[in-house]
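Just entry20.csv here, CSV, C-alpha atoms:
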```csv
chain,number,residue,atom,x,y,z
A,1,MET,CA,164.7,90.6,45.6
A,2,ILE,CA,166.8,93.8,45.8
A,3,LYS,CA,170.3,93.4,44.3
A,4,LEU,CA,171.4,97.0,43.9
A,5,ILE,CA,170.9,100.0,46.2
A,6,VAL,CA,171.9,103.4,44.9
A,7,SER,CA,172.0,106.5,47.1
A,8,ASP,CA,172.8,110.2,46.5
A,9,MET,CA,175.2,111.7,49.1
A,10,ASP,CA,174.4,115.3,50.1
A,11,GLY,CA,170.9,115.8,51.5
A,12,THR,CA,170.3,112.0,51.3
A,13,LEU,CA,172.8,109.7,52.8
A,14,LEU,CA,174.7,112.5,54.7
A,15,ASP,CA,173.1,114.8,57.2
A,16,ASP,CA,173.2,118.6,56.8
A,17,HIS,CA,176.6,118.7,58.5
A,18,LYS,CA,178.0,116.4,55.7
A,19,GLN,CA,178.3,113.5,58.2
A,20,LEU,CA,177.7,109.8,57.5
A,21,ASN,CA,175.8,107.9,60.2
A,22,GLU,CA,178.1,105.4,61.9
A,23,GLU,CA,175.4,102.7,61.4
A,24,PHE,CA,176.2,102.8,57.7
A,25,TRP,CA,179.3,100.5,58.0
A,26,GLU,CA,177.4,97.8,59.8
A,27,ILE,CA,174.4,97.9,57.4
A,28,GLU,CA,176.6,97.9,54.3
A,29,GLN,CA,178.4,94.8,55.6
A,30,LYS,CA,175.0,93.1,56.1
A,31,LEU,CA,173.9,94.0,52.6
A,32,THR,CA,177.2,92.6,51.2
A,33,ASP,CA,176.6,89.4,53.1
A,34,LYS,CA,173.3,89.1,51.3
A,35,GLY,CA,174.8,89.8,47.9
A,36,ILE,CA,173.3,93.3,47.7
A,37,ILE,CA,175.6,95.9,46.2
A,38,PHE,CA,175.6,99.5,47.5
A,39,ALA,CA,176.3,102.3,45.1
A,40,ILE,CA,177.1,106.0,45.7
A,41,ALA,CA,175.6,108.4,43.1
A,42,SER,CA,176.8,112.0,43.6
A,43,GLY,CA,177.8,115.2,41.9
A,44,ARG,CA,181.0,114.9,43.9
A,45,GLN,CA,184.3,114.0,42.3
A,46,TYR,CA,185.4,110.3,42.3
A,47,TYR,CA,188.5,111.0,44.4
A,48,ASN,CA,186.4,112.6,47.1
A,49,LEU,CA,184.0,109.6,47.3
A,50,ALA,CA,186.9,107.1,47.2
A,51,GLU,CA,188.5,108.8,50.1
A,52,LYS,CA,185.4,109.0,52.2
A,53,PHE,CA,184.7,105.3,51.7
A,54,ALA,CA,188.3,104.2,51.6
A,55,LYS,CA,188.0,101.2,53.9
A,56,ILE,CA,185.3,99.6,51.7
A,57,LYS,CA,186.1,101.2,48.4
A,58,ASP,CA,186.4,97.9,46.6
A,59,LYS,CA,182.9,96.9,47.6
A,60,LEU,CA,181.0,100.0,46.4
A,61,ILE,CA,180.1,101.3,43.0
A,62,PHE,CA,180.8,105.0,42.6
A,63,LEU,CA,178.7,107.1,40.2
A,64,ALA,CA,180.7,110.3,40.3
A,65,ASP,CA,180.1,113.7,38.7
A,66,ASN,CA,176.4,113.0,38.4
A,67,GLY,CA,177.0,109.7,36.7
A,68,SER,CA,179.5,110.9,34.2
A,69,TYR,CA,182.3,108.7,35.6
A,70,VAL,CA,181.5,105.3,37.1
A,71,VAL,CA,184.1,103.1,38.9
A,72,TYR,CA,183.7,99.7,40.4
A,73,GLN,CA,186.6,97.9,42.0
A,74,ASP,CA,189.1,100.4,40.5
A,75,GLU,CA,187.7,99.7,37.0
A,76,GLN,CA,186.1,102.4,34.9
A,77,ILE,CA,182.8,100.9,33.7
A,78,HIS,CA,181.3,104.1,32.2
A,79,ILE,CA,182.4,107.5,31.2
A,80,ASP,CA,180.4,110.3,29.5
A,81,SER,CA,182.7,113.2,28.7
A,82,LEU,CA,181.8,116.8,27.7
A,83,ASP,CA,183.0,118.2,24.3
A,84,LYS,CA,185.8,120.7,24.9
A,85,ASP,CA,184.4,123.3,22.7
A,86,ALA,CA,181.1,123.2,24.6
A,87,ALA,CA,182.9,123.2,27.9
A,88,ASN,CA,184.9,126.3,26.9
A,89,ARG,CA,181.7,128.0,25.9
A,90,PHE,CA,180.2,127.2,29.3
A,91,ILE,CA,183.4,128.4,31.1
A,92,GLU,CA,183.1,131.8,29.3
A,93,ILE,CA,179.5,132.2,30.3
A,94,GLY,CA,180.2,131.0,33.9
A,95,ARG,CA,182.9,133.7,34.3
A,96,LYS,CA,180.2,136.3,33.9
A,97,VAL,CA,177.8,134.9,36.6
A,98,GLU,CA,177.5,137.3,39.5
A,99,GLN,CA,178.9,135.6,42.6
A,100,GLY,CA,179.6,132.6,40.5
A,101,TYR,CA,182.8,130.5,40.4
A,102,VAL,CA,183.7,128.0,37.7
A,103,ILE,CA,185.0,124.5,38.3
A,104,VAL,CA,185.9,122.2,35.5
A,105,SER,CA,185.7,118.6,36.6
A,106,GLY,CA,188.1,116.4,34.7
A,107,LYS,CA,188.9,112.7,34.9
A,108,ASN,CA,192.2,113.3,36.7
A,109,SER,CA,191.4,116.5,38.7
A,110,ALA,CA,189.1,119.4,39.1
A,111,TYR,CA,190.4,122.8,37.9
A,112,VAL,CA,189.6,126.4,39.1
A,113,GLU,CA,190.9,129.8,38.3
A,114,SER,CA,189.8,131.6,41.5
A,115,THR,CA,191.8,131.5,44.7
A,116,ASP,CA,188.9,133.0,46.7
A,117,GLU,CA,189.1,131.3,50.2
A,118,ARG,CA,185.3,131.0,50.7
A,119,PHE,CA,184.9,129.4,47.3
A,120,LEU,CA,187.9,127.0,47.7
A,121,SER,CA,186.6,126.0,51.1
A,122,GLU,CA,183.2,125.1,49.7
A,123,ALA,CA,184.6,123.3,46.7
A,124,GLY,CA,186.9,121.3,49.0
A,125,ASN,CA,183.8,119.6,50.4
A,126,TYR,CA,183.1,117.9,47.1
A,127,PHE,CA,186.5,117.8,45.2
A,128,LYS,CA,189.5,116.0,46.7
A,129,ARG,CA,191.8,116.9,43.8
A,130,ILE,CA,191.7,120.6,42.8
A,131,LYS,CA,194.3,122.5,40.8
A,132,VAL,CA,194.4,126.3,40.3
A,133,VAL,CA,195.2,127.2,36.7
A,134,GLU,CA,195.5,130.4,34.8
A,135,ASP,CA,193.0,129.4,32.0
A,136,LEU,CA,190.3,126.8,32.3
A,137,THR,CA,189.8,126.8,28.5
A,138,ASN,CA,193.3,125.3,28.0
A,139,LEU,CA,193.2,122.0,29.9
A,140,GLU,CA,194.7,118.7,29.0
A,141,ASP,CA,192.2,116.3,30.6
A,142,THR,CA,189.0,114.5,29.8
A,143,ILE,CA,186.2,116.9,30.8
A,144,LEU,CA,183.3,115.4,32.7
A,145,LYS,CA,181.3,118.5,33.5
A,146,VAL,CA,181.4,122.3,34.1
A,147,THR,CA,180.2,123.4,37.5
A,148,ILE,CA,179.1,126.8,38.8
A,149,CYS,CA,179.4,127.5,42.5
A,150,ASP,CA,176.8,130.2,42.8
A,151,PHE,CA,176.6,131.9,46.2
A,152,ASN,CA,173.6,133.9,44.9
A,153,ASN,CA,171.5,130.7,44.4
A,154,SER,CA,171.8,128.3,41.5
A,155,GLU,CA,168.1,127.9,40.7
A,156,THR,CA,167.4,131.6,40.5
A,157,ASN,CA,170.7,133.0,39.3
A,158,SER,CA,173.2,130.8,37.4
A,159,TYR,CA,170.6,128.5,35.9
A,160,LEU,CA,169.1,131.4,34.0
A,161,HIS,CA,172.5,131.8,32.2
A,162,PHE,CA,172.5,128.2,31.0
A,163,LYS,CA,168.7,127.4,30.6
A,164,ALA,CA,168.9,127.9,26.8
A,165,PHE,CA,171.3,125.0,26.5
A,166,GLU,CA,169.2,122.4,28.3
A,167,ASN,CA,167.8,120.9,25.1
A,168,GLU,CA,171.3,119.9,24.0
A,169,TYR,CA,173.2,119.5,27.3
A,170,LYS,CA,172.3,118.3,30.8
A,171,VAL,CA,171.9,121.4,32.9
A,172,ALA,CA,171.3,120.2,36.5
A,173,ILE,CA,170.6,122.2,39.6
A,174,ALA,CA,172.6,120.1,42.0
A,175,GLY,CA,172.1,122.1,45.2
A,176,LYS,CA,171.3,125.5,46.5
A,177,ILE,CA,174.6,126.9,45.3
A,178,TRP,CA,175.5,124.3,42.7
A,179,LEU,CA,174.8,124.1,38.9
A,180,ASP,CA,176.3,121.3,36.8
A,181,ILE,CA,176.5,121.2,33.0
A,182,SER,CA,177.4,118.0,31.3
A,183,ASP,CA,176.8,116.0,28.1
A,184,TRP,CA,173.2,115.4,27.3
A,185,GLY,CA,173.3,111.7,28.2
A,186,ALA,CA,175.3,112.1,31.4
A,187,ASN,CA,173.2,111.6,34.4
A,188,LYS,CA,172.7,109.2,37.3
A,189,GLY,CA,169.9,107.4,35.6
A,190,THR,CA,172.0,106.6,32.6
A,191,ALA,CA,174.8,105.4,34.8
A,192,ILE,CA,172.5,103.1,36.8
A,193,ARG,CA,171.3,101.5,33.6
A,194,LYS,CA,174.9,100.9,32.5
A,195,ILE,CA,175.6,99.2,35.9
A,196,GLN,CA,172.4,97.1,35.6
A,197,GLU,CA,173.5,96.0,32.1
A,198,LYS,CA,177.0,95.1,33.2
A,199,LEU,CA,176.0,93.2,36.4
A,200,GLY,CA,172.8,91.6,35.1
A,201,ILE,CA,170.6,93.5,37.6
A,202,SER,CA,167.1,94.4,36.6
A,203,PHE,CA,164.9,97.5,37.2
A,204,GLU,CA,162.8,95.4,39.6
A,205,GLU,CA,165.9,94.6,41.6
A,206,THR,CA,167.0,98.2,42.1
A,207,MET,CA,166.4,100.7,44.9
A,208,VAL,CA,167.4,104.3,44.7
A,209,PHE,CA,167.4,107.3,47.0
A,210,GLY,CA,167.7,111.0,46.1
A,211,ASP,CA,166.7,114.5,47.1
A,212,TYR,CA,167.6,117.1,44.5
A,213,LEU,CA,167.1,117.9,40.8
A,214,ASN,CA,170.3,116.1,39.7
A,215,ASP,CA,168.7,112.9,41.0
A,216,MET,CA,165.7,113.2,38.7
A,217,GLU,CA,166.8,110.5,36.2
A,218,MET,CA,167.5,108.1,39.0
A,219,MET,CA,163.8,108.1,39.9
A,220,THR,CA,163.0,106.1,36.8
A,221,ALA,CA,166.0,103.7,37.0
A,222,GLY,CA,164.7,101.5,39.8
A,223,LYS,CA,161.3,100.0,40.8
A,224,TYR,CA,161.9,101.2,44.4
A,225,SER,CA,162.6,104.9,43.8
A,226,TYR,CA,162.6,106.9,47.1
A,227,ALA,CA,162.6,110.7,47.4
A,228,MET,CA,163.8,111.8,50.8
A,229,LYS,CA,161.2,113.3,53.0
A,230,ASN,CA,163.2,116.6,52.7
A,231,ALA,CA,163.5,116.4,48.9
A,232,HIS,CA,162.9,119.1,46.3
A,233,PRO,CA,159.2,119.2,45.4
A,234,LYS,CA,159.9,117.9,41.9
A,235,ILE,CA,161.7,114.9,43.2
A,236,LEU,CA,158.9,114.1,45.6
A,237,GLU,CA,156.5,114.2,42.7
A,238,ALA,CA,158.7,112.0,40.4
A,239,ALA,CA,159.6,109.3,43.0
A,240,GLY,CA,157.6,106.1,43.5
A,241,PHE,CA,158.0,106.4,47.3
A,242,VAL,CA,158.9,108.9,50.0
A,243,THR,CA,161.0,108.1,53.0
A,244,ARG,CA,159.4,108.5,56.4
A,245,TYR,CA,162.6,110.2,57.7
A,246,THR,CA,164.8,113.1,56.5
A,247,ASN,CA,168.5,112.9,55.8
A,248,ASN,CA,169.0,114.2,59.3
A,249,GLU,CA,167.0,111.3,60.7
A,250,ASN,CA,169.1,108.7,58.9
A,251,GLY,CA,166.3,108.2,56.3
A,252,VAL,CA,168.2,106.0,53.9
A,253,LEU,CA,169.3,103.5,56.4
A,254,GLN,CA,166.0,103.5,58.3
A,255,THR,CA,164.2,102.7,55.0
A,256,ILE,CA,166.6,99.8,54.2
A,257,LYS,CA,165.8,98.4,57.7
A,258,GLU,CA,162.1,98.9,57.3
A,259,MET,CA,162.2,97.0,54.0
A,260,GLY,CA,163.7,94.0,55.8
A,261,LEU,CA,166.9,94.1,53.7
A,262,VAL,CA,169.1,93.8,56.8
```
Is it possible to express this structure as structure tokens?
Amino acid sequence: MIKLIVSDMDGTLLDDHKQLNEEFWEIEQKLTDKGIIFAIASGRQYYNLAEKFAKIKDKLIFLADNGSYVVYQDEQIHIDSLDKDAANRFIEIGRKVEQGYVIVSGKNSAYVESTDERFLSEAGNYFKRIKVVEDLTNLEDTILKVTICDFNNSETNSYLHFKAFENEYKVAIAGKIWLDISDWGANKGTAIRKIQEKLGISFEETMVFGDYLNDMEMMTAGKYSYAMKNAHPKILEAAGFVTRYTNNENGVLQTIKEMGLV
């Protein structure tokens, strides 16, 4: 029996316009009535997720910042921070990425140096709390990850600047214009295992949905691992199953219904 469903947000639970299908609220309630917990696993900031799901915030588990920060019922159940010296090194490199903008995601806020309107508008989709500071290398916060917003394409541009670090740190291509660098053990798969351990939920009782490369570790965290029909080719290869519908066709909720969970 499924006891935990974990879904990525962008490209998975949300459509391409960043909209959540209204059917979600009814289905989530039915899952709750059956004792099934729904979790949101995203590269987004916790405060962004908590706002979007404010009316049921206490029922969901949030795996924010790619699993670096996990919150359930307002309790921190897992955190995996990034060493400040390493973060500062990544900030310095990120500043040199052409068409790239650096975001430092902390436990209390996200921080940026640039006031470029295009960049701030894009960042605002994923970060609720953003502070503009003079120097990102001089922050008083627990650092969860360093993110590059790369308008040139993260996979072919900014990733090349950080590829040399991927044996020591988690370098995740999180979207077409997003690259996340975090502690080696910080990923959605690790976070799911922490949740399973805390709540007494097994691998066999877990279902996951993802679409992009920052979802890779999730694909081995649950017996029912689903790549979205529209997923990155490497996620399609890694998953145990593929949804019959894309994110624009409500693929996560359709699959939950097809599985007879509601």
When you look at Asn247 of chain A with a cut-off of 10 Å (counting only C-alpha atoms), what residues show up, excluding the ones that are within fewer than 6 positions of it in the same chain? I need them as a ChimeraX atom specification.
/A:9-16,20-21,210-211,228-231,253
Which residues of segment 167-249 of chain A come within 6 Å of segment 78-82 of chain A, and for each one, what is the closest pair of atoms and their distance in Å to one decimal, counting only C-alpha atoms, sorted by chain and residue number, as JSON lines?
```
{"residue": "A:Ser182", "atom": "CA", "partner": "A:Leu82", "partner_atom": "CA", "distance": 5.8}
{"residue": "A:Asp183", "atom": "CA", "partner": "A:Leu82", "partner_atom": "CA", "distance": 5.1}
{"residue": "A:Ala186", "atom": "CA", "partner": "A:Asp80", "partner_atom": "CA", "distance": 5.7}
```
With only C-alpha atoms as the counted atoms, please give the residues lying no more than 8 Å from Gln99 of chain A, apart from itself and same-chain residues fewer than 2 positions off, as a PDB file with C-alpha atoms, in the coordinates of the input.
```pdb
ATOM      1  CA  VAL A  97     177.800 134.900  36.600  1.00  0.00           C
ATOM      2  CA  TYR A 101     182.800 130.500  40.400  1.00  0.00           C
ATOM      3  CA  ASP A 150     176.800 130.200  42.800  1.00  0.00           C
ATOM      4  CA  PHE A 151     176.600 131.900  46.200  1.00  0.00           C
ATOM      5  CA  ASN A 152     173.600 133.900  44.900  1.00  0.00           C
TER       6      ASN A 152
END
```
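Comparing A:Lys188, A:Arg44, A:Lys3, A:Lys59 by their smallest distance to Ile201 of chain A, the closest is A:Lys3 (using only C-alpha atoms).
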Of the listed residues A:Asp8, A:Asp33, A:Trp25, A:Glu134, that which approaches Tyr226 of chain A most closely, counting all atoms listed in the file:
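Selected residue with least distance to Tyr226 of chain A: A:Asp8.
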Could you state the separation of atom CA of Phe24 of chain A and atom CA of Gln254 of chain A in Å, given to one decimal place?
10.2 Å
Contacts of Phe241 of chain A at 10 Å or less, counting only C-alpha atoms, minus same-chain residues fewer than 2 places along, as a VMD selection string?
chain A and resid 208 to 209 219 223 to 229 236 to 239 243 to 244
Selected residue of minimal separation from Ile5 of chain A among A:Tyr126, A:Tyr245, A:Phe203, A:Phe38, counting all atoms listed in the file:
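Of A:Tyr126, A:Tyr245, A:Phe203, A:Phe38, the one nearest Ile5 of chain A, counting all atoms listed in the file, is A:Phe38.
The smallest atom-to-atom distance between Ala39 of chain A and any of A:Asp85, A:Thr206, A:Glu113, A:Glu92, using all atoms listed in the file, is found for A:Thr206.
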Enter the distance from atom CA of Leu63 of chain A to atom CA of Ala191 of chain A, in Å, rounded to one decimal.
6.9 Å
